[in-house]
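Data block for run-v1.cif (mmCIF, C-alpha atoms):
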```cif
data_work
#
loop_
_atom_site.label_atom_id
_atom_site.label_comp_id
_atom_site.auth_asym_id
_atom_site.auth_seq_id
_atom_site.Cartn_x
_atom_site.Cartn_y
_atom_site.Cartn_z
CA MET M 902 -104.37 27.19 -52.97
CA ALA M 903 -103.33 23.72 -52.70
CA ASN M 904 -99.87 24.94 -53.26
CA SER M 905 -100.21 27.48 -50.52
CA ASP M 906 -101.55 24.84 -48.14
CA SER M 907 -98.66 22.64 -48.93
CA THR M 908 -96.20 25.46 -48.51
CA LEU M 909 -97.80 26.39 -45.25
CA ALA M 910 -97.59 22.87 -44.06
CA VAL M 911 -93.91 22.64 -44.83
CA PRO M 912 -93.00 25.72 -42.83
CA ALA M 913 -95.18 24.56 -40.00
CA SER M 914 -93.45 21.20 -39.87
CA SER M 915 -90.03 22.82 -40.07
CA ALA M 916 -90.98 25.20 -37.26
CA SER M 917 -91.74 22.34 -34.94
CA PRO M 918 -88.32 20.68 -35.16
CA LEU M 919 -86.56 23.97 -34.47
CA SER M 920 -88.49 24.53 -31.33
CA ALA M 921 -87.77 20.91 -30.33
CA LYS M 922 -84.07 21.41 -31.04
CA LYS M 923 -84.00 24.51 -28.90
CA GLU M 924 -85.52 22.58 -26.05
CA ASN M 925 -83.01 19.74 -26.54
CA VAL M 926 -80.04 22.14 -26.79
CA ILE M 927 -80.51 23.52 -23.32
CA PRO M 928 -80.64 20.15 -21.64
CA ALA M 929 -77.67 18.95 -23.75
CA SER M 930 -75.57 21.89 -22.67
CA SER M 931 -76.47 21.27 -19.06
CA LYS M 932 -75.61 17.58 -19.59
CA ILE M 933 -72.25 18.65 -21.03
CA ALA M 934 -71.70 21.01 -18.13
CA VAL M 935 -72.51 18.22 -15.66
CA HIS M 936 -70.25 15.84 -17.57
CA ILE M 937 -67.40 18.41 -17.67
CA SER M 938 -67.90 19.12 -14.00
CA SER M 939 -67.86 15.42 -13.23
CA SER M 940 -64.75 14.88 -15.37
CA PHE M 941 -63.05 17.84 -13.73
CA ASN M 942 -63.84 16.42 -10.28
CA GLU M 943 -62.51 13.02 -11.33
CA LEU M 944 -59.33 14.63 -12.70
CA THR M 945 -58.93 16.66 -9.53
CA GLU M 946 -59.35 13.53 -7.42
CA SER M 947 -56.95 11.62 -9.69
CA ARG M 948 -54.45 14.44 -9.46
CA GLN M 949 -54.77 14.49 -5.67
CA GLU M 950 -54.29 10.71 -5.51
CA LEU M 951 -51.18 10.97 -7.69
CA LEU M 952 -49.81 13.79 -5.52
CA ASN M 953 -50.46 11.68 -2.42
CA ARG M 954 -48.72 8.69 -3.99
CA ILE M 955 -45.77 10.87 -5.03
CA GLN M 956 -45.52 12.29 -1.52
CA SER M 957 -45.67 8.78 -0.08
CA LEU M 958 -42.95 7.63 -2.47
CA LYS M 959 -40.80 10.63 -1.53
CA THR M 960 -41.22 9.78 2.15
CA ASP M 961 -40.37 6.13 1.47
CA LEU M 962 -37.29 7.18 -0.52
CA GLN M 963 -36.11 9.49 2.26
CA SER M 964 -36.61 6.74 4.81
CA TRP M 965 -34.76 4.25 2.60
CA ARG M 966 -31.89 6.72 2.10
CA TYR M 967 -31.67 7.36 5.83
CA LYS M 968 -31.52 3.63 6.55
CA LEU M 969 -28.99 3.07 3.78
CA ASP M 970 -26.80 5.90 5.05
CA GLY M 971 -26.94 4.33 8.52
CA GLN M 972 -25.93 0.93 7.16
CA VAL M 973 -23.10 2.47 5.14
CA LYS M 974 -21.83 4.25 8.26
CA VAL M 975 -21.99 1.01 10.26
CA TYR M 976 -20.13 -0.89 7.54
CA ARG M 977 -17.49 1.83 7.25
CA ASP M 978 -16.96 1.79 11.00
CA GLU M 979 -16.67 -2.01 10.96
CA LEU M 980 -14.19 -1.88 8.07
CA SER M 981 -12.18 0.78 9.85
CA ASP M 982 -12.06 -1.34 13.00
CA LEU M 983 -11.07 -4.41 10.98
CA LYS M 984 -8.34 -2.44 9.23
CA LYS M 985 -6.96 -1.20 12.55
CA SER M 986 -7.08 -4.71 13.98
CA LEU M 987 -5.36 -6.12 10.90
CA ASN M 988 -2.64 -3.47 11.09
CA VAL M 989 -2.04 -4.29 14.77
CA GLU M 990 -1.81 -8.00 13.96
CA VAL M 991 0.57 -7.35 11.07
CA GLU M 992 2.79 -5.26 13.33
CA GLN M 993 2.74 -8.03 15.96
CA LEU M 994 3.68 -10.60 13.32
CA ARG M 995 6.52 -8.37 12.07
CA SER M 996 7.77 -7.94 15.62
CA GLU M 997 7.55 -11.67 16.31
CA PHE M 998 9.28 -12.43 13.02
CA GLN M 999 12.08 -10.00 13.88
CA GLU M 1000 12.42 -11.61 17.32
CA LEU M 1001 12.60 -15.06 15.71
CA LYS M 1002 15.20 -13.83 13.25
CA THR M 1003 17.27 -12.34 16.04
CA THR M 1004 16.91 -15.53 18.11
CA LEU M 1005 17.96 -17.69 15.17
CA GLN M 1006 20.98 -15.49 14.49
CA GLN M 1007 21.95 -15.65 18.15
CA GLN M 1008 21.53 -19.44 18.20
CA GLN M 1009 23.64 -19.74 15.05
CA GLU M 1010 26.36 -17.61 16.63
CA ASP M 1011 26.17 -19.71 19.81
CA VAL M 1012 26.46 -22.98 17.86
CA THR M 1013 29.40 -21.62 15.87
CA ALA M 1014 31.13 -20.49 19.07
CA SER M 1015 30.47 -23.87 20.72
CA LEU M 1016 31.95 -25.71 17.75
CA ARG M 1017 35.06 -23.50 17.87
CA ASN M 1018 35.40 -24.12 21.60
CA LEU M 1019 35.27 -27.87 20.97
CA GLY M 1020 38.00 -27.55 18.37
CA LEU M 1021 35.74 -28.31 15.48
CA GLN M 1022 35.56 -26.05 12.48
CA ASP M 1023 33.29 -25.70 9.54
CA ALA M 1024 34.29 -27.61 6.45
CA SER M 1025 34.64 -24.36 4.61
CA GLU M 1026 37.11 -23.03 7.19
CA GLU M 1027 39.19 -26.22 6.98
CA THR M 1028 39.29 -25.94 3.21
CA LYS M 1029 40.40 -22.33 3.44
CA GLU M 1030 43.13 -23.17 5.93
CA ALA M 1031 44.33 -26.06 3.77
CA GLU M 1032 44.56 -23.77 0.76
CA ASP M 1033 46.39 -21.15 2.79
CA VAL M 1034 48.96 -23.74 3.97
CA LYS M 1035 49.72 -25.18 0.52
CA PRO M 1036 50.90 -21.95 -1.06
CA ASP M 1037 53.14 -21.28 1.93
CA VAL M 1038 54.74 -24.74 1.67
CA ASN M 1039 55.18 -24.41 -2.06
CA ASN M 1040 56.67 -20.97 -1.67
CA GLU M 1041 59.14 -22.22 0.93
CA GLU M 1042 60.13 -25.20 -1.19
CA ASN M 1043 60.50 -23.00 -4.24
CA ALA M 1044 62.50 -20.52 -2.26
CA GLU M 1045 64.84 -23.30 -1.01
CA ASP M 1046 65.17 -24.78 -4.48
CA LEU M 1047 66.03 -21.52 -6.09
CA PRO M 1048 69.06 -20.71 -3.99
CA LYS M 1049 70.34 -24.26 -4.28
CA ASP M 1050 70.03 -24.10 -8.00
CA ASN M 1051 71.61 -20.69 -8.04
CA GLY M 1052 74.36 -21.84 -5.77
CA LYS M 1053 75.11 -24.90 -7.91
CA ASP M 1054 75.37 -22.80 -10.97
CA THR M 1055 77.81 -20.46 -9.33
CA GLU M 1056 79.97 -23.29 -7.93
CA GLU M 1057 80.38 -24.94 -11.22
#
```

When written as structure tokens, how does the structure in this file appear?
Amino acid sequence: MANSDSTLAVPASSASPLSAKKENVIPASSKIAVHISSSFNELTESRQELLNRIQSLKTDLQSWRYKLDGQVKVYRDELSDLKKSLNVEVEQLRSEFQELKTTLQQQQEDVTASLRNLGLQDASEETKEAEDVKPDVNNEENAEDLPKDNGKDTEE
């Protein structure tokens, strides 16, 4: 009987922990459910915060793009105006340069005409005239010498 008492005691002691485990299991599952619910709420809040931040960043980006587009338009307009102004100035300079060129040509023609009226000539014109005169004189002298020589030969 001692054996039966000891066997009865063992099952009795093992029956107590099972009933205690069952009692602990229910509160543990409710603790897990509370923890899961709490984690889910935290995740939901975190997700909402992230969505809000993303939306805020999208709004900031759109605002930044709008401002940048405005600045680009302003700069393009300024560059266009500067280009037009530069083209006008270049055309004015070309016109003034052409007027100066025409004026200088006219002044050169006037100076040349004044020098001719005074009886002066350019050194290059004098040289040309001197060269033109020499061949004529040589040709006349050669022409006179040739008949004389030819005439002497025939008279002899």

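One finds atom CA of Arg966 of chain M at 18.1 Å from atom CA of Asp978 of chain M.
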
Give me, please, the distance in Å between atom CA of Leu1016 of chain M and atom CA of Gln999 of chain M, quoted to one decimal.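 Spanning atom CA of Leu1016 of chain M to atom CA of Gln999 of chain M is a straight-line distance of 25.6 Å.
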
For a test of reading the model, state the distance in Å between atom CA of Ser981 of chain M and atom CA of Gln993 of chain M, rounded to one decimal.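 Distance reported for this atom pair: 18.4 Å.
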